[in-house]
file entry-v4.txt (compact mmCIF, C-alpha atoms)
# COMPACT_ATOMS: atom_id res chain seq x y z
CA MET A 1 6.77 11.68 -4.36
CA VAL A 2 8.65 14.36 -2.42
CA HIS A 3 5.81 16.78 -3.21
CA ALA A 4 3.27 14.24 -1.93
CA LEU A 5 5.14 13.93 1.36
CA GLU A 6 5.33 17.71 1.69
CA SER A 7 1.56 17.88 1.07
CA ILE A 8 1.03 15.36 3.85
CA HIS A 9 3.21 17.47 6.15
CA HIS A 10 0.98 20.46 5.34
CA LEU A 11 -2.14 18.50 6.28
CA LEU A 12 -0.78 17.24 9.60
CA THR A 13 -1.00 19.05 12.92
CA PRO A 14 2.34 20.17 14.41
CA ALA A 15 2.38 17.07 16.62
CA GLY A 16 1.12 14.87 13.78
CA ARG A 17 2.48 11.51 12.76
CA LEU A 18 2.85 9.78 9.40
CA ILE A 19 2.72 6.01 9.19
CA ASP A 20 4.31 4.68 6.02
CA ILE A 21 4.05 1.03 5.11
CA HIS A 22 5.98 -0.08 2.05
CA PRO A 23 7.67 -3.23 0.80
CA PHE A 24 11.41 -3.80 0.69
CA ALA A 25 13.03 -2.70 -2.58
CA GLU A 26 13.28 -6.28 -3.82
CA ALA A 27 11.14 -8.64 -5.83
CA PRO A 28 8.70 -10.50 -3.57
CA MET A 29 8.38 -14.27 -3.77
CA ILE A 30 5.59 -16.16 -5.45
CA GLU A 31 4.94 -19.32 -3.47
CA VAL A 32 2.65 -22.29 -3.77
CA HIS A 33 1.25 -23.60 -0.48
CA GLN A 34 -0.42 -26.94 -0.13
CA GLY A 35 -1.68 -28.28 3.16
CA GLY A 36 0.40 -25.75 5.09
CA ARG A 37 3.56 -26.73 3.20
CA ARG A 38 5.45 -24.50 0.75
CA THR A 39 6.04 -26.44 -2.46
CA PHE A 40 7.33 -23.65 -4.73
CA SER A 41 9.08 -20.33 -4.18
CA GLU A 42 10.62 -17.95 -6.72
CA PRO A 43 11.05 -14.17 -6.99
CA VAL A 44 8.53 -12.31 -9.15
CA PRO A 45 10.13 -11.37 -12.51
CA ALA A 46 9.41 -7.89 -13.94
CA TYR A 47 8.65 -6.46 -10.50
CA ALA A 48 8.80 -2.64 -10.26
CA VAL A 49 11.61 -2.43 -7.70
CA GLU A 50 12.69 0.99 -8.98
CA ASP A 51 9.39 2.54 -7.93
CA ILE A 52 10.02 1.40 -4.37
CA GLN A 53 13.58 2.75 -4.49
CA HIS A 54 12.23 6.12 -5.63
CA ALA A 55 9.71 6.14 -2.78
CA GLU A 56 12.47 5.37 -0.27
CA GLN A 57 14.62 8.16 -1.71
CA ALA A 58 11.71 10.61 -1.45
CA LEU A 59 11.14 9.63 2.17
CA ALA A 60 14.84 10.05 2.97
CA HIS A 61 14.83 13.43 1.21
CA THR A 62 11.98 14.80 3.33
CA VAL A 63 13.70 13.57 6.50
CA GLU A 64 16.97 15.24 5.44
CA ASN A 65 15.06 18.44 4.71
CA GLY A 66 13.45 18.61 8.12
CA PHE A 67 9.83 17.80 7.31
CA PHE A 68 9.78 14.56 9.26
CA ALA A 69 11.87 12.63 11.77
CA VAL A 70 11.82 8.85 11.96
CA GLU A 71 10.52 7.78 15.37
CA ARG A 72 10.20 4.04 14.96
CA ALA A 73 10.64 1.49 12.22
CA ARG A 74 10.35 -2.24 11.99
CA ALA A 75 10.23 -4.95 9.37
CA PHE A 76 7.56 -7.58 8.96
CA GLN A 77 6.49 -10.33 6.56
CA PHE A 78 3.33 -9.80 4.51
CA ARG A 79 1.52 -12.51 2.60
CA THR A 80 -1.27 -12.09 0.06
CA TYR A 81 -3.20 -15.29 -0.68
CA ALA A 82 -4.96 -16.03 -3.97
CA PHE A 83 -6.89 -18.99 -5.33
CA SER A 84 -5.25 -18.75 -8.76
CA VAL A 85 -2.27 -17.22 -10.53
CA ALA A 86 -4.66 -15.15 -12.64
CA GLU A 87 -6.15 -13.64 -9.48
CA LEU A 88 -2.69 -12.82 -8.12
CA THR A 89 -1.55 -11.41 -11.48
CA GLY A 90 -4.64 -9.17 -11.56
CA PHE A 91 -3.87 -7.98 -8.04
CA LEU A 92 -0.26 -7.16 -8.96
CA ALA A 93 -1.36 -5.34 -12.13
CA GLU A 94 -3.92 -3.33 -10.14
CA GLN A 95 -1.18 -2.32 -7.69
CA GLY A 96 1.07 -1.19 -10.57
CA SER A 97 3.68 -3.72 -9.48
CA PHE A 98 4.95 -4.65 -12.93
CA ALA A 99 7.93 -2.61 -14.13
CA GLY A 100 6.84 -2.54 -17.78
CA GLY A 101 3.07 -2.76 -17.39
CA PRO A 102 0.76 -5.75 -16.99
CA PRO A 103 1.71 -9.11 -18.59
CA GLY A 104 0.18 -9.28 -22.04
CA GLU A 105 0.89 -5.58 -22.64
CA ASP A 106 4.58 -5.69 -21.75
CA VAL A 107 6.75 -7.44 -24.36
CA SER A 108 10.02 -7.41 -22.39
CA ALA A 109 12.02 -10.53 -21.61
CA GLN A 110 11.17 -10.10 -17.93
CA ALA A 111 7.45 -10.06 -18.71
CA ALA A 112 7.91 -13.26 -20.73
CA GLN A 113 9.69 -14.77 -17.71
CA TYR A 114 6.72 -13.83 -15.54
CA GLU A 115 4.27 -15.45 -17.92
CA GLU A 116 6.41 -18.58 -18.08
CA MET A 117 6.57 -18.78 -14.29
CA ALA A 118 2.84 -18.10 -13.98
CA ALA A 119 2.09 -20.96 -16.37
CA HIS A 120 4.38 -23.25 -14.38
CA VAL A 121 2.71 -22.30 -11.09
CA GLU A 122 -0.72 -22.85 -12.62
CA GLN A 123 0.35 -26.34 -13.71
CA LEU A 124 1.66 -27.10 -10.21
CA MET A 125 -1.61 -25.95 -8.68
CA GLN A 126 -3.74 -27.99 -11.07
CA ALA A 127 -1.63 -31.08 -10.43
CA ALA A 128 -1.82 -30.59 -6.66
CA GLY A 129 -5.61 -30.22 -6.67
CA GLU A 130 -7.87 -28.69 -4.02
CA GLY A 131 -6.55 -26.75 -1.06
CA THR A 132 -3.65 -25.28 -2.99
CA GLU A 133 -3.01 -21.56 -2.76
CA VAL A 134 -0.65 -19.19 -4.50
CA VAL A 135 0.94 -16.69 -2.16
CA LEU A 136 2.76 -13.42 -2.69
CA HIS A 137 5.31 -13.21 0.10
CA GLU A 138 6.78 -9.74 0.71
CA ARG A 139 9.07 -8.25 3.29
CA ALA A 140 7.87 -4.81 4.32
CA HIS A 141 8.70 -1.86 6.58
CA ILE A 142 6.37 0.06 8.85
CA ILE A 143 7.77 3.44 9.77
CA MET A 144 6.38 6.07 12.11
CA LEU A 145 7.51 9.61 11.33
CA ALA A 146 6.90 12.71 13.42
CA ALA A 147 6.00 15.92 11.58
CA LEU A 148 8.56 18.57 12.49
CA ALA A 149 8.00 22.31 12.80
CA ARG A 150 6.61 23.94 9.67
CA VAL A 151 9.00 24.53 6.82
CA PRO A 152 8.13 27.55 4.63
CA ARG A 153 6.19 26.34 1.57
CA MET B 154 2.93 0.77 17.25
CA VAL B 155 0.06 3.18 16.57
CA ASP B 156 -2.54 4.61 18.94
CA PHE B 157 -5.60 5.64 16.94
CA ARG B 158 -7.76 6.65 19.91
CA GLY B 159 -9.25 10.10 19.45
CA ARG B 160 -7.15 10.77 16.34
CA ARG B 161 -8.28 12.43 13.12
CA VAL B 162 -6.83 10.15 10.50
CA LEU B 163 -6.09 10.69 6.81
CA GLU B 164 -5.56 7.48 4.85
CA ILE B 165 -3.96 8.05 1.44
CA GLY B 166 -4.51 5.37 -1.19
CA CYS B 167 -7.24 3.57 0.75
CA GLY B 168 -8.32 1.39 -2.19
CA ASP B 169 -11.45 -0.57 -1.29
CA GLY B 170 -11.06 0.26 2.40
CA ARG B 171 -9.72 -3.08 3.58
CA LEU B 172 -7.21 -1.41 5.94
CA THR B 173 -9.60 1.38 6.95
CA TRP B 174 -12.03 -1.00 8.63
CA ARG B 175 -9.28 -2.39 10.83
CA TYR B 176 -8.55 0.81 12.73
CA ALA B 177 -11.49 3.17 12.09
CA GLU B 178 -13.47 2.08 15.14
CA ARG B 179 -10.72 3.43 17.39
CA ALA B 180 -10.21 6.72 15.54
CA ALA B 181 -12.28 9.88 16.12
CA GLN B 182 -12.67 10.58 12.41
CA VAL B 183 -11.26 9.03 9.25
CA THR B 184 -10.89 10.62 5.84
CA ALA B 185 -9.82 8.03 3.30
CA ILE B 186 -8.86 9.10 -0.21
CA ASP B 187 -7.96 7.28 -3.41
CA PRO B 188 -7.60 8.50 -7.00
CA SER B 189 -9.15 5.30 -8.37
CA ALA B 190 -12.74 5.83 -9.45
CA ASP B 191 -13.42 2.09 -9.09
CA ALA B 192 -12.14 1.71 -5.54
CA ILE B 193 -14.17 4.34 -3.69
CA PRO B 194 -17.69 3.09 -4.55
CA ALA B 195 -16.62 -0.38 -3.37
CA ALA B 196 -15.17 1.08 -0.17
CA LYS B 197 -18.38 2.98 0.54
CA GLU B 198 -20.55 -0.01 -0.19
CA ASN B 199 -18.54 -2.34 2.02
CA LEU B 200 -18.22 0.02 4.97
CA PRO B 201 -19.68 -1.62 8.09
CA GLU B 202 -22.80 0.10 9.44
CA ASN B 203 -21.17 0.99 12.77
CA LEU B 204 -18.48 3.02 10.98
CA ARG B 205 -20.82 5.16 8.90
CA GLY B 206 -20.63 8.74 10.14
CA ARG B 207 -17.06 8.23 11.30
CA VAL B 208 -15.46 7.41 7.95
CA GLU B 209 -15.56 9.50 4.78
CA PHE B 210 -14.27 8.16 1.46
CA HIS B 211 -13.32 10.55 -1.32
CA ASN B 212 -12.33 9.82 -4.92
CA VAL B 213 -9.53 12.36 -5.14
CA ALA B 214 -5.76 12.49 -5.62
CA LEU B 215 -3.62 13.67 -2.72
CA ASP B 216 -2.46 16.80 -4.56
CA ASP B 217 -6.01 17.95 -5.24
CA PHE B 218 -7.13 17.08 -1.73
CA ALA B 219 -4.23 19.01 -0.18
CA THR B 220 -4.88 22.04 -2.40
CA ALA B 221 -8.55 22.13 -1.41
CA SER B 222 -7.88 21.57 2.30
CA GLY B 223 -6.54 23.83 5.00
CA PRO B 224 -3.41 23.03 6.97
CA SER B 225 -3.19 21.01 10.19
CA LEU B 226 -6.38 19.02 9.77
CA PHE B 227 -5.11 15.59 10.77
CA ASP B 228 -3.29 14.01 13.70
CA LEU B 229 -2.23 10.97 11.74
CA ALA B 230 -1.66 10.18 8.07
CA ILE B 231 -1.33 6.66 6.72
CA LEU B 232 0.40 5.65 3.52
CA SER B 233 -0.03 1.96 3.00
CA TRP B 234 1.70 0.62 -0.11
CA SER B 235 0.82 3.91 -1.76
CA LEU B 236 3.85 6.22 -1.84
call {"tool": "encode", "arguments": {"input": "entry-v4.txt", "output": "structure tokens"}}
result
Amino acid sequence: MVHALESIHHLLTPAGRLIDIHPFAEAPMIEVHQGGRRTFSEPVPAYAVEDIQHAEQALAHTVENGFFAVERARAFQFRTYAFSVAELTGFLAEQGSFAGGPPGEDVSAQAAQYEEMAAHVEQLMQAAGEGTEVVLHERAHIIMLAALARVPR
Amino acid sequence: MVDFRGRRVLEIGCGDGRLTWRYAERAAQVTAIDPSADAIPAAKENLPENLRGRVEFHNVALDDFATASGPSLFDLAILSWSL
């Protein structure tokens, strides 16, 4: 990840900027929304929090080593809506968000917890009927970094 | 937070381009890359007509792209959920 950030620095003009958007290093919430009301909310089990921590460490490392300087940063809430748990699970798997691989392939206790929760959410949605959505609710950072003078590569 | 006007933008991990379309109209030129072979054809297919000619999508990893490119090509780089 540090190498990737150094490559980006190489590609930027001397006055260039890097915008990094990444989630907080915490499990996001899976929520069920019905008619604008939240009826269920629990953290996603088996979420790959360590990957986010590694990304944050890499970013901090490149700042410490003079590639970039943080100009601005702010936090925001980000919600991804899906019509079904299967759709949301597919989205998370595609993003590489599961610590031990996609449910079904991962045999860890955390993956089993995810599958149990997914089944519960599916039941809630079926019982609630039309107009019910499952929502992934994340807290995220947006950070603007200024590329600093070239560091010998 | 970000002024895209007149900027040459590199978007890393563009996926199917859902973020690209939101800012590309304001940028001078956008190069959007993603290592996923599935994502780029979808991004190209879904690109609005008015952005064709301004946005290029490439199925390539950052490392390979950086190796093949010269320095100082972009004013702005975007990493969205992709570091």
call {"tool": "closest_residue", "arguments": {"input": "entry-v4.txt", "among": "B:Glu198, B:Ser189, B:Arg158, B:Ile231", "to": "A:Glu94", "atoms": "only C-alpha atoms"}}
result
B:Ser189
call {"tool": "residues_around", "arguments": {"input": "entry-v4.txt", "residues": "A:Glu42", "least_positions_apart": "2", "cutoff": "7 Å", "atoms": "only C-alpha atoms", "output": "PyMOL selection string"}}
result
chain A and resi 29-31+40+44
call {"tool": "interface_residues", "arguments": {"input": "entry-v4.txt", "of": "chain B", "to": "chain A", "cutoff": "12 Å", "atoms": "all atoms listed in the file", "output": "PyMOL selection string"}}
result
chain B and resi 154-157+160-169+172+184+189+191-192+214-236
call {"tool": "residues_around", "arguments": {"input": "entry-v4.txt", "residues": "B:Ala190", "least_positions_apart": "3", "cutoff": "9 Å", "atoms": "all atoms listed in the file", "output": "list in words"}}
result
Asp187, Ile193, Pro194, Asn212 and Val213 of chain B
call {"tool": "atom_distance", "arguments": {"input": "entry-v4.txt", "atom1": "atom CA of A:Leu124", "atom2": "atom CA of A:Gly90"}}
result
19.1 Å
call {"tool": "residues_around", "arguments": {"input": "entry-v4.txt", "residues": "A:Val85", "least_positions_apart": "6", "cutoff": "7 Å", "atoms": "all atoms listed in the file", "output": "short mmCIF file (atom, residue, chain, number, x, y, z; two decimals) with C-alpha atoms, in the frame of the given file"}}
result
data_model
loop_
_atom_site.label_atom_id
_atom_site.label_comp_id
_atom_site.auth_asym_id
_atom_site.auth_seq_id
_atom_site.Cartn_x
_atom_site.Cartn_y
_atom_site.Cartn_z
CA ALA A 118 2.84 -18.10 -13.98
CA GLU A 122 -0.72 -22.85 -12.62
CA VAL A 134 -0.65 -19.19 -4.50
#
call {"tool": "residues_around", "arguments": {"input": "entry-v4.txt", "residues": "A:Val32", "least_positions_apart": "4", "cutoff": "8 Å", "atoms": "all atoms listed in the file", "output": "JSON, numbers by chain"}}
result
{"A": [38, 39, 40, 41, 121, 125, 132, 133, 134, 135]}
call {"tool": "atom_distance", "arguments": {"input": "entry-v4.txt", "atom1": "atom CA of B:Pro188", "atom2": "atom CA of B:Thr173"}}
result
15.8 Å
call {"tool": "atom_distance", "arguments": {"input": "entry-v4.txt", "atom1": "atom CA of B:Ala196", "atom2": "atom CA of B:Ala180"}}
result
17.4 Å
call {"tool": "closest_residue", "arguments": {"input": "entry-v4.txt", "among": "B:Ile186, B:Arg171, B:Gly159, B:Ala181", "to": "B:Gly206", "atoms": "all atoms listed in the file"}}
result
B:Ala181
call {"tool": "closest_residue", "arguments": {"input": "entry-v4.txt", "among": "A:Ala82, A:Ala149, A:Ala127, A:Met117", "to": "A:Pro43", "atoms": "all atoms listed in the file"}}
result
A:Met117
call {"tool": "residues_around", "arguments": {"input": "entry-v4.txt", "residues": "A:Ala119", "least_positions_apart": "5", "cutoff": "12 Å", "atoms": "all atoms listed in the file", "output": "count of residues only"}}
result
10
call {"tool": "closest_residue", "arguments": {"input": "entry-v4.txt", "among": "A:Gln34, A:Gln123, A:Gly66, A:Phe98", "to": "A:Gln110", "atoms": "only C-alpha atoms"}}
result
A:Phe98
call {"tool": "residues_near_point", "arguments": {"input": "entry-v4.txt", "point": "(10.5, -8.9, 5.5)", "cutoff": "7 Å", "atoms": "only C-alpha atoms", "output": "list in words"}}
result
Ala75, Phe76, Gln77, Glu138, Arg139 and Ala140 of chain A
call {"tool": "decode", "arguments": {"input": "entry-v4.txt", "residues": "stretch 25-113 of chain A", "atoms": "C-alpha atoms", "output": "PDB file, in the first residue's frame"}}
result
ATOM      1  CA  ALA A  25     -11.518   1.009  10.742  1.00  0.00           C
ATOM      2  CA  GLU A  26     -14.637  -0.528  12.266  1.00  0.00           C
ATOM      3  CA  ALA A  27     -17.341  -2.906  11.171  1.00  0.00           C
ATOM      4  CA  PRO A  28     -20.154  -1.033   9.416  1.00  0.00           C
ATOM      5  CA  MET A  29     -23.765  -1.595  10.427  1.00  0.00           C
ATOM      6  CA  ILE A  30     -26.284  -3.670   8.551  1.00  0.00           C
ATOM      7  CA  GLU A  31     -29.682  -2.036   8.939  1.00  0.00           C
ATOM      8  CA  VAL A  32     -33.192  -2.797   7.829  1.00  0.00           C
ATOM      9  CA  HIS A  33     -35.260   0.232   6.811  1.00  0.00           C
ATOM     10  CA  GLN A  34     -38.989   0.147   6.384  1.00  0.00           C
ATOM     11  CA  GLY A  35     -41.040   3.185   5.502  1.00  0.00           C
ATOM     12  CA  GLY A  36     -38.184   5.495   6.488  1.00  0.00           C
ATOM     13  CA  ARG A  37     -37.822   3.802   9.880  1.00  0.00           C
ATOM     14  CA  ARG A  38     -34.828   1.722  10.997  1.00  0.00           C
ATOM     15  CA  THR A  39     -36.075  -1.582  12.379  1.00  0.00           C
ATOM     16  CA  PHE A  40     -32.780  -3.481  12.727  1.00  0.00           C
ATOM     17  CA  SER A  41     -29.150  -2.488  13.195  1.00  0.00           C
ATOM     18  CA  GLU A  42     -26.112  -4.665  13.943  1.00  0.00           C
ATOM     19  CA  PRO A  43     -22.411  -4.560  13.051  1.00  0.00           C
ATOM     20  CA  VAL A  44     -21.273  -6.749  10.155  1.00  0.00           C
ATOM     21  CA  PRO A  45     -19.476  -9.863  11.490  1.00  0.00           C
ATOM     22  CA  ALA A  46     -16.312 -11.039   9.685  1.00  0.00           C
ATOM     23  CA  TYR A  47     -15.620  -7.558   8.310  1.00  0.00           C
ATOM     24  CA  ALA A  48     -12.027  -6.960   7.124  1.00  0.00           C
ATOM     25  CA  VAL A  49     -11.172  -4.165   9.561  1.00  0.00           C
ATOM     26  CA  GLU A  50      -7.461  -5.044   9.459  1.00  0.00           C
ATOM     27  CA  ASP A  51      -7.247  -4.136   5.776  1.00  0.00           C
ATOM     28  CA  ILE A  52      -8.499  -0.653   6.593  1.00  0.00           C
ATOM     29  CA  GLN A  53      -6.020  -0.353   9.468  1.00  0.00           C
ATOM     30  CA  HIS A  54      -3.199  -1.302   7.090  1.00  0.00           C
ATOM     31  CA  ALA A  55      -4.354   1.326   4.591  1.00  0.00           C
ATOM     32  CA  GLU A  56      -4.425   3.976   7.318  1.00  0.00           C
ATOM     33  CA  GLN A  57      -0.929   2.976   8.444  1.00  0.00           C
ATOM     34  CA  ALA A  58       0.341   3.208   4.860  1.00  0.00           C
ATOM     35  CA  LEU A  59      -1.170   6.667   4.484  1.00  0.00           C
ATOM     36  CA  ALA A  60       0.386   7.808   7.776  1.00  0.00           C
ATOM     37  CA  HIS A  61       3.733   6.366   6.686  1.00  0.00           C
ATOM     38  CA  THR A  62       3.812   8.349   3.432  1.00  0.00           C
ATOM     39  CA  VAL A  63       2.883  11.530   5.322  1.00  0.00           C
ATOM     40  CA  GLU A  64       5.672  10.907   7.857  1.00  0.00           C
ATOM     41  CA  ASN A  65       8.104  10.305   5.004  1.00  0.00           C
ATOM     42  CA  GLY A  66       7.324  13.571   3.269  1.00  0.00           C
ATOM     43  CA  PHE A  67       5.441  12.387   0.200  1.00  0.00           C
ATOM     44  CA  PHE A  68       2.170  14.035   1.171  1.00  0.00           C
ATOM     45  CA  ALA A  69       0.798  16.522   3.674  1.00  0.00           C
ATOM     46  CA  VAL A  70      -2.776  16.366   4.923  1.00  0.00           C
ATOM     47  CA  GLU A  71      -4.599  19.551   3.918  1.00  0.00           C
ATOM     48  CA  ARG A  72      -8.156  18.780   4.922  1.00  0.00           C
ATOM     49  CA  ALA A  73     -10.078  15.870   6.343  1.00  0.00           C
ATOM     50  CA  ARG A  74     -13.633  15.288   7.376  1.00  0.00           C
ATOM     51  CA  ALA A  75     -15.911  12.429   8.324  1.00  0.00           C
ATOM     52  CA  PHE A  76     -19.224  11.561   6.745  1.00  0.00           C
ATOM     53  CA  GLN A  77     -21.886   8.850   6.800  1.00  0.00           C
ATOM     54  CA  PHE A  78     -22.231   6.599   3.760  1.00  0.00           C
ATOM     55  CA  ARG A  79     -25.158   4.305   3.086  1.00  0.00           C
ATOM     56  CA  THR A  80     -25.424   1.589   0.447  1.00  0.00           C
ATOM     57  CA  TYR A  81     -28.981   0.408  -0.215  1.00  0.00           C
ATOM     58  CA  ALA A  82     -29.900  -3.068  -1.453  1.00  0.00           C
ATOM     59  CA  PHE A  83     -33.163  -4.847  -2.180  1.00  0.00           C
ATOM     60  CA  SER A  84     -32.001  -8.093  -0.560  1.00  0.00           C
ATOM     61  CA  VAL A  85     -29.359  -9.464   1.791  1.00  0.00           C
ATOM     62  CA  ALA A  86     -27.998 -11.571  -1.066  1.00  0.00           C
ATOM     63  CA  GLU A  87     -27.445  -8.427  -3.128  1.00  0.00           C
ATOM     64  CA  LEU A  88     -25.663  -6.716  -0.232  1.00  0.00           C
ATOM     65  CA  THR A  89     -23.578  -9.821   0.502  1.00  0.00           C
ATOM     66  CA  GLY A  90     -22.524  -9.962  -3.161  1.00  0.00           C
ATOM     67  CA  PHE A  91     -21.549  -6.299  -3.011  1.00  0.00           C
ATOM     68  CA  LEU A  92     -19.454  -6.840   0.130  1.00  0.00           C
ATOM     69  CA  ALA A  93     -17.774  -9.907  -1.375  1.00  0.00           C
ATOM     70  CA  GLU A  94     -16.982  -7.969  -4.567  1.00  0.00           C
ATOM     71  CA  GLN A  95     -15.389  -5.219  -2.462  1.00  0.00           C
ATOM     72  CA  GLY A  96     -13.246  -7.791  -0.612  1.00  0.00           C
ATOM     73  CA  SER A  97     -14.849  -6.714   2.654  1.00  0.00           C
ATOM     74  CA  PHE A  98     -14.905 -10.114   4.339  1.00  0.00           C
ATOM     75  CA  ALA A  99     -11.853 -10.869   6.481  1.00  0.00           C
ATOM     76  CA  GLY A 100     -11.749 -14.578   5.612  1.00  0.00           C
ATOM     77  CA  GLY A 101     -13.265 -14.533   2.136  1.00  0.00           C
ATOM     78  CA  PRO A 102     -16.890 -14.591   0.986  1.00  0.00           C
ATOM     79  CA  PRO A 103     -19.524 -16.398   3.108  1.00  0.00           C
ATOM     80  CA  GLY A 104     -19.815 -19.968   1.899  1.00  0.00           C
ATOM     81  CA  GLU A 105     -16.052 -20.180   1.313  1.00  0.00           C
ATOM     82  CA  ASP A 106     -15.010 -18.994   4.770  1.00  0.00           C
ATOM     83  CA  VAL A 107     -15.610 -21.554   7.529  1.00  0.00           C
ATOM     84  CA  SER A 108     -14.702 -19.329  10.500  1.00  0.00           C
ATOM     85  CA  ALA A 109     -17.032 -18.663  13.411  1.00  0.00           C
ATOM     86  CA  GLN A 110     -17.329 -15.045  12.289  1.00  0.00           C
ATOM     87  CA  ALA A 111     -18.463 -16.122   8.827  1.00  0.00           C
ATOM     88  CA  ALA A 112     -21.064 -18.379  10.455  1.00  0.00           C
ATOM     89  CA  GLN A 113     -22.219 -15.368  12.502  1.00  0.00           C
TER      90      GLN A 113
END
